>>> print(open('my_file-v5.csv').read())   # CSV, C-alpha atoms
chain,number,residue,atom,x,y,z
A,1,MET,CA,117.2,102.5,95.6
A,2,LYS,CA,114.5,103.1,93.0
A,3,GLU,CA,113.1,106.1,91.2
A,4,ARG,CA,111.2,108.6,93.4
A,5,GLU,CA,109.5,111.9,92.6
A,6,ALA,CA,111.7,115.0,93.1
A,7,THR,CA,110.5,118.1,95.0
A,8,THR,CA,110.3,120.9,92.5
A,9,GLY,CA,108.4,124.1,92.2
A,10,ASN,CA,106.0,125.5,89.5
A,11,GLY,CA,108.5,127.1,87.1
A,12,LEU,CA,106.0,129.8,85.8
A,13,MET,CA,105.2,131.1,89.3
A,14,VAL,CA,108.9,131.2,90.2
A,15,LEU,CA,109.8,132.9,87.0
A,16,LEU,CA,107.2,135.7,87.6
A,17,LEU,CA,108.3,136.1,91.2
A,18,LEU,CA,112.0,136.3,90.3
A,19,LEU,CA,111.3,138.8,87.5
A,20,ALA,CA,109.4,141.0,90.0
A,21,VAL,CA,112.4,140.8,92.4
A,22,LEU,CA,114.8,141.6,89.6
A,23,ALA,CA,112.7,144.6,88.5
A,24,GLY,CA,112.4,145.7,92.2
A,25,GLY,CA,116.2,145.4,92.6
A,26,VAL,CA,116.9,147.5,89.5
A,27,ALA,CA,114.4,150.1,90.7
A,28,MET,CA,116.1,150.3,94.1
A,29,VAL,CA,119.5,150.8,92.5
A,30,VAL,CA,118.1,153.7,90.3
A,31,LEU,CA,116.4,155.3,93.3
A,32,GLY,CA,119.4,154.9,95.4
A,33,VAL,CA,121.7,156.6,92.8
A,34,ARG,CA,119.3,159.5,92.4
A,35,GLY,CA,118.7,159.9,96.2
A,36,GLY,CA,122.2,159.2,97.2
A,37,GLU,CA,121.2,156.3,99.4
A,38,PRO,CA,124.0,153.6,99.5
A,39,GLY,CA,121.8,151.2,101.4
A,40,TRP,CA,119.3,151.1,98.6
A,41,ILE,CA,122.0,150.6,96.0
A,42,VAL,CA,123.5,147.7,97.9
A,43,GLY,CA,120.1,146.1,98.6
A,44,GLY,CA,119.0,146.5,95.0
A,45,LEU,CA,122.2,144.9,93.7
A,46,VAL,CA,121.9,142.0,96.2
A,47,GLY,CA,118.3,141.4,95.2
A,48,ALA,CA,119.0,141.6,91.4
A,49,VAL,CA,122.0,139.2,91.7
A,50,ALA,CA,120.1,136.7,93.8
A,51,ALA,CA,117.2,136.8,91.3
A,52,VAL,CA,119.5,136.2,88.4
A,53,PHE,CA,121.2,133.3,90.2
A,54,LEU,CA,117.9,131.7,91.1
A,55,LEU,CA,116.7,131.9,87.5
A,56,ALA,CA,119.4,129.2,86.7
A,57,GLY,CA,117.2,126.7,88.6
A,58,LEU,CA,114.5,126.8,85.9
A,59,PHE,CA,114.3,123.8,83.6
A,60,MET,CA,111.9,122.4,81.0
A,61,VAL,CA,110.4,118.9,81.0
A,62,GLU,CA,108.9,117.8,77.7
A,63,PRO,CA,106.1,115.2,77.3
A,64,ASN,CA,107.4,111.7,77.8
A,65,GLN,CA,110.6,112.9,79.2
A,66,GLY,CA,112.1,112.7,82.7
A,67,ARG,CA,114.8,114.7,84.5
A,68,VAL,CA,117.1,113.0,87.0
A,69,LEU,CA,118.1,115.5,89.7
A,70,THR,CA,121.3,115.1,91.7
A,71,LEU,CA,122.9,117.5,94.2
A,72,PHE,CA,126.7,117.1,94.7
A,73,GLY,CA,126.5,113.5,93.5
A,74,ALA,CA,123.5,112.6,95.7
A,75,TYR,CA,120.2,111.5,94.0
A,76,ARG,CA,117.4,113.9,94.8
A,77,GLY,CA,114.6,112.3,92.7
A,78,SER,CA,113.2,112.4,89.2
A,79,GLU,CA,110.8,114.9,87.7
A,80,ARG,CA,108.3,113.6,85.1
A,81,ARG,CA,105.7,116.4,85.2
A,82,GLY,CA,105.8,118.3,82.0
A,83,GLY,CA,106.2,122.0,81.6
A,84,LEU,CA,108.5,124.6,83.2
A,85,ARG,CA,109.8,123.5,86.6
A,86,TRP,CA,112.2,125.0,89.2
A,87,ALA,CA,114.7,123.3,91.5
A,88,ASN,CA,117.9,124.2,93.4
A,89,PRO,CA,120.2,125.9,90.9
A,90,PHE,CA,123.1,123.7,92.3
A,91,MET,CA,121.3,120.6,91.2
A,92,THR,CA,122.3,118.9,87.9
A,93,LYS,CA,119.2,118.0,85.8
A,94,ARG,CA,119.9,115.2,83.3
A,95,ALA,CA,117.2,114.6,80.7
A,96,ILE,CA,116.1,111.0,80.0
A,97,SER,CA,113.7,110.2,77.2
A,98,LEU,CA,110.7,108.0,78.2
A,99,ARG,CA,109.5,107.6,74.6
A,100,VAL,CA,109.2,104.2,72.8
A,101,ARG,CA,112.3,103.6,70.8
A,102,ASN,CA,113.5,100.8,68.5
A,103,PHE,CA,116.6,99.7,66.8
A,104,GLU,CA,117.7,96.9,64.5
A,105,THR,CA,120.7,94.8,65.4
A,106,ALA,CA,123.5,94.1,63.0
A,107,HIS,CA,123.5,91.0,60.9
A,108,LEU,CA,125.1,88.5,63.2
A,109,LYS,CA,126.8,85.4,62.0
A,110,VAL,CA,126.2,82.5,64.4
A,111,ASN,CA,125.8,78.7,64.4
A,112,ASP,CA,122.3,77.2,64.8
A,113,ALA,CA,121.6,74.1,66.9
A,114,ASP,CA,122.9,71.9,64.1
A,115,GLY,CA,126.1,73.8,63.8
A,116,ASN,CA,125.2,75.4,60.5
A,117,PRO,CA,126.4,79.0,60.1
A,118,ILE,CA,123.5,81.4,59.7
A,119,GLU,CA,123.0,85.2,59.5
A,120,ILE,CA,120.3,86.6,61.8
A,121,ALA,CA,119.1,90.1,62.8
A,122,ALA,CA,116.2,91.4,64.9
A,123,VAL,CA,114.4,94.6,65.7
A,124,VAL,CA,113.9,95.5,69.4
A,125,VAL,CA,111.2,98.0,70.6
A,126,TRP,CA,111.9,99.4,74.1
A,127,ARG,CA,111.5,102.3,76.5
A,128,VAL,CA,112.9,103.5,79.8
A,129,ILE,CA,110.5,102.9,82.8
A,130,ASP,CA,112.9,103.7,85.7
A,131,THR,CA,115.1,106.7,85.3
A,132,PHE,CA,117.2,105.9,88.4
A,133,ASP,CA,118.2,102.4,87.1
A,134,ALA,CA,118.9,103.8,83.6
A,135,VAL,CA,121.3,106.4,84.9
A,136,PHE,CA,122.9,104.8,88.0
A,137,GLN,CA,122.8,101.0,87.5
A,138,VAL,CA,124.6,100.9,84.2
A,139,ASP,CA,127.3,103.1,82.6
A,140,ASN,CA,125.5,103.9,79.4
A,141,TYR,CA,122.0,102.5,79.1
A,142,GLU,CA,121.6,102.9,75.4
A,143,ASP,CA,124.8,101.0,74.7
A,144,PHE,CA,123.8,98.4,77.3
A,145,VAL,CA,120.5,97.9,75.4
A,146,HIS,CA,122.3,97.3,72.1
A,147,VAL,CA,124.9,95.0,73.4
A,148,GLN,CA,122.6,92.8,75.5
A,149,SER,CA,120.0,92.6,72.7
A,150,GLU,CA,122.7,91.2,70.3
A,151,SER,CA,124.0,88.8,73.0
A,152,ALA,CA,120.4,87.5,73.7
A,153,LEU,CA,119.9,87.1,69.9
A,154,ARG,CA,123.1,85.1,69.6
A,155,ASN,CA,122.1,82.9,72.5
A,156,LEU,CA,118.6,82.3,71.0
A,157,ALA,CA,120.0,81.3,67.6
A,158,THR,CA,122.1,78.5,69.1
A,159,GLN,CA,119.0,76.9,70.7
A,160,TYR,CA,117.1,76.3,67.5
A,161,THR,CA,117.8,74.9,64.1
A,162,TYR,CA,117.4,77.1,61.0
A,163,ASP,CA,114.8,74.7,59.6
A,164,SER,CA,112.9,71.8,61.2
A,165,HIS,CA,113.8,68.2,60.2
A,166,GLY,CA,110.8,66.6,62.0
A,167,GLU,CA,107.1,67.3,62.3
A,168,HIS,CA,107.3,68.4,66.0
A,169,GLU,CA,110.7,70.1,65.9
A,170,LYS,CA,110.8,73.8,66.5
A,171,SER,CA,112.9,76.0,64.2
A,172,LEU,CA,113.8,79.7,63.6
A,173,ARG,CA,112.1,79.7,60.2
A,174,GLY,CA,109.0,77.6,61.1
A,175,ASN,CA,108.1,78.9,64.6
A,176,THR,CA,108.5,82.7,64.3
A,177,VAL,CA,105.8,83.6,66.9
A,178,GLU,CA,107.3,81.3,69.6
A,179,VAL,CA,110.8,82.4,68.8
A,180,ALA,CA,109.9,86.1,69.0
A,181,ASP,CA,108.2,85.6,72.4
A,182,GLN,CA,111.2,83.9,73.8
A,183,LEU,CA,113.6,86.5,72.3
A,184,ARG,CA,111.5,89.3,73.9
A,185,LYS,CA,111.5,87.6,77.3
A,186,GLU,CA,115.3,86.9,77.2
A,187,ILE,CA,116.1,90.5,76.3
A,188,HIS,CA,113.7,91.8,78.9
A,189,ASP,CA,115.4,89.7,81.6
A,190,ARG,CA,118.8,91.1,80.7
A,191,LEU,CA,117.6,94.8,80.5
A,192,VAL,CA,115.3,95.0,83.6
A,193,GLN,CA,118.3,95.9,85.7
A,194,ALA,CA,118.8,99.0,83.6
A,195,GLY,CA,115.2,100.2,84.1
A,196,VAL,CA,114.2,99.2,80.5
A,197,ASP,CA,111.1,97.5,79.4
A,198,VAL,CA,111.1,95.5,76.1
A,199,LEU,CA,107.8,95.9,74.3
A,200,GLU,CA,108.6,93.7,71.3
A,201,ALA,CA,111.4,91.8,69.7
A,202,ARG,CA,111.2,90.0,66.3
A,203,ILE,CA,113.6,88.5,63.8
A,204,THR,CA,113.9,90.7,60.6
A,205,HIS,CA,116.6,88.8,58.8
A,206,LEU,CA,117.3,85.1,58.6
A,207,ALA,CA,119.5,83.3,56.1
A,208,TYR,CA,122.2,80.7,55.7
A,209,ALA,CA,125.7,82.1,55.6
A,210,PRO,CA,126.9,82.7,52.0
A,211,GLU,CA,129.5,79.8,52.2
A,212,ILE,CA,126.8,77.2,52.7
A,213,ALA,CA,123.8,78.9,51.2
A,214,GLN,CA,124.0,77.1,47.8
A,215,ALA,CA,124.5,73.7,49.4
A,216,MET,CA,121.5,74.2,51.8
A,217,LEU,CA,119.4,75.4,48.9
A,218,GLN,CA,120.1,72.1,47.1
A,219,ARG,CA,119.3,70.3,50.3
A,220,GLN,CA,116.0,72.1,50.6
A,221,GLN,CA,115.2,71.3,46.9
A,222,ALA,CA,116.1,67.6,47.5
A,223,THR,CA,113.9,67.5,50.6
A,224,ALA,CA,111.0,69.0,48.6
A,225,ILE,CA,111.4,66.5,45.8
A,226,ILE,CA,111.5,63.6,48.3
A,227,ALA,CA,108.3,64.9,50.0
A,228,ALA,CA,106.6,65.2,46.6
A,229,ARG,CA,107.5,61.7,45.7
A,230,GLN,CA,106.3,60.4,49.0
A,231,LYS,CA,102.9,62.0,48.3
A,232,ILE,CA,102.8,60.4,44.9
A,233,VAL,CA,103.6,57.0,46.4
A,234,GLU,CA,101.0,57.5,49.2
A,235,GLY,CA,98.4,58.4,46.5
A,236,ALA,CA,99.3,55.4,44.4
A,237,VAL,CA,99.1,53.1,47.3
A,238,GLY,CA,95.8,54.5,48.3
A,239,MET,CA,94.4,54.0,44.8
A,240,VAL,CA,95.6,50.4,44.8
A,241,GLU,CA,94.0,49.8,48.2
A,242,MET,CA,90.8,51.3,47.0
A,243,ALA,CA,90.8,49.1,43.9
A,244,LEU,CA,91.4,46.0,45.9
A,245,ASP,CA,88.6,46.9,48.2
A,246,ARG,CA,86.3,47.4,45.2
A,247,LEU,CA,87.3,44.0,43.7
A,248,SER,CA,86.8,42.3,47.1
A,249,GLU,CA,83.2,43.7,47.1
>>> encode(input="my_file-v5.csv", output="structure tokens")
Amino acid sequence: MKEREATTGNGLMVLLLLLAVLAGGVAMVVLGVRGGEPGWIVGGLVGAVAAVFLLAGLFMVEPNQGRVLTLFGAYRGSERRGGLRWANPFMTKRAISLRVRNFETAHLKVNDADGNPIEIAAVVVWRVIDTFDAVFQVDNYEDFVHVQSESALRNLATQYTYDSHGEHEKSLRGNTVEVADQLRKEIHDRLVQAGVDVLEARITHLAYAPEIAQAMLQRQQATAIIAARQKIVEGAVGMVEMALDRLSE
């Protein structure tokens, strides 16, 4: 079963009609008391009570909000049309926000593809697109979004190294666009069953764990020194080759 539009009435028209019925019921009671007419009194009371009861069926739908309507546990549809609406007073009308929302995961400590402990966090931008799935497919869709996003982030971190060791090797630090796209896709695949669409996901925090941060910093400095020396050697060799070519000429 998927989301379907609920059958509801124009709340403003129903409100005016019920107020008129309520006023008419009160007038009948007054006239019945003055004229000594028990029938008018009973009719007026019944009309007034019925109008008050039916007023409980009025509910408000804000912009970018949906209402999930259920009657004695059975799904009766979802209302997305904004404004004042009316439905059966016995129906429960649960509000679901359809606005774009975002949250940042906690700083997770995981091991990258090389087994080095790292700290990583991400921000996820999402919204509900199917109110039926959000309410009935999972127990609490907001908690589901948070838990599954952190699970996907953990899984992603184990597939890449923190920093690349080769020219064509992908890493968390060096390929941020590709990593963000894969993270968004993986989170979306996990949340689609909850009626949630993931608009964006990107890493906001990435660092080595404190216990190895100093050692990895020294490693990065050593790598930079080696790379600089290689450039110096390549330049020196190039100058010698150029000099030999000139002498040969």
>>> residues_near_point(input="my_file-v5.csv", point="(112.5, 142.7, 88.6)", cutoff="12 Å", atoms="all atoms listed in the file", output="MDAnalysis selection string")
chainID A and resid 15:29 44:45 47:52 55
>>> residues_around(input="my_file-v5.csv", residues="Val68 of chain A", least_positions_apart="2", cutoff="7 Å", atoms="all atoms listed in the file", output="short mmCIF file (atom, residue, chain, number, x, y, z; two decimals) with C-alpha atoms, in the coordinates of the input")
data_model
loop_
_atom_site.label_atom_id
_atom_site.label_comp_id
_atom_site.auth_asym_id
_atom_site.auth_seq_id
_atom_site.Cartn_x
_atom_site.Cartn_y
_atom_site.Cartn_z
CA GLY A 66 112.10 112.70 82.70
CA THR A 70 121.30 115.10 91.70
CA GLY A 77 114.60 112.30 92.70
CA SER A 78 113.20 112.40 89.20
CA GLU A 79 110.80 114.90 87.70
CA LYS A 93 119.20 118.00 85.80
CA ARG A 94 119.90 115.20 83.30
CA ALA A 95 117.20 114.60 80.70
CA THR A 131 115.10 106.70 85.30
#
>>> closest_residue(input="my_file-v5.csv", among="A:Leu58, A:Glu119, A:Arg101, A:Met13", to="Glu211 of chain A", atoms="only C-alpha atoms")
A:Glu119
>>> atom_distance(input="my_file-v5.csv", atom1="atom CA of Ala152 of chain A", atom2="atom CA of Asp189 of chain A")
9.6 Å
>>> closest_residue(input="my_file-v5.csv", among="A:Asp197, A:Met60, A:Arg34, A:Glu186", to="Glu150 of chain A", atoms="all atoms listed in the file")
A:Glu186
>>> atom_distance(input="my_file-v5.csv", atom1="atom CA of Thr8 of chain A", atom2="atom CA of Gln137 of chain A")
24.0 Å
>>> closest_residue(input="my_file-v5.csv", among="A:Ile203, A:Leu71, A:Leu84, A:Val138", to="Val123 of chain A", atoms="all atoms listed in the file")
A:Ile203
>>> closest_residue(input="my_file-v5.csv", among="A:Ala122, A:Ala134, A:Val240, A:Val177", to="Arg202 of chain A", atoms="only C-alpha atoms")
A:Ala122
>>> atom_distance(input="my_file-v5.csv", atom1="atom CA of Thr7 of chain A", atom2="atom CA of Phe72 of chain A")
16.2 Å
>>> closest_residue(input="my_file-v5.csv", among="A:His205, A:Arg76, A:Arg190, A:Arg127", to="Ala6 of chain A", atoms="only C-alpha atoms")
A:Arg76
>>> residues_around(input="my_file-v5.csv", residues="His188 of chain A", least_positions_apart="4", cutoff="12 Å", atoms="only C-alpha atoms", output="number ranges by chain")
A: 124-128, 145, 148-149, 152-153, 181-184, 192-201
>>> closest_residue(input="my_file-v5.csv", among="A:Arg67, A:Arg246, A:His146, A:Lys185", to="Arg81 of chain A", atoms="only C-alpha atoms")
A:Arg67
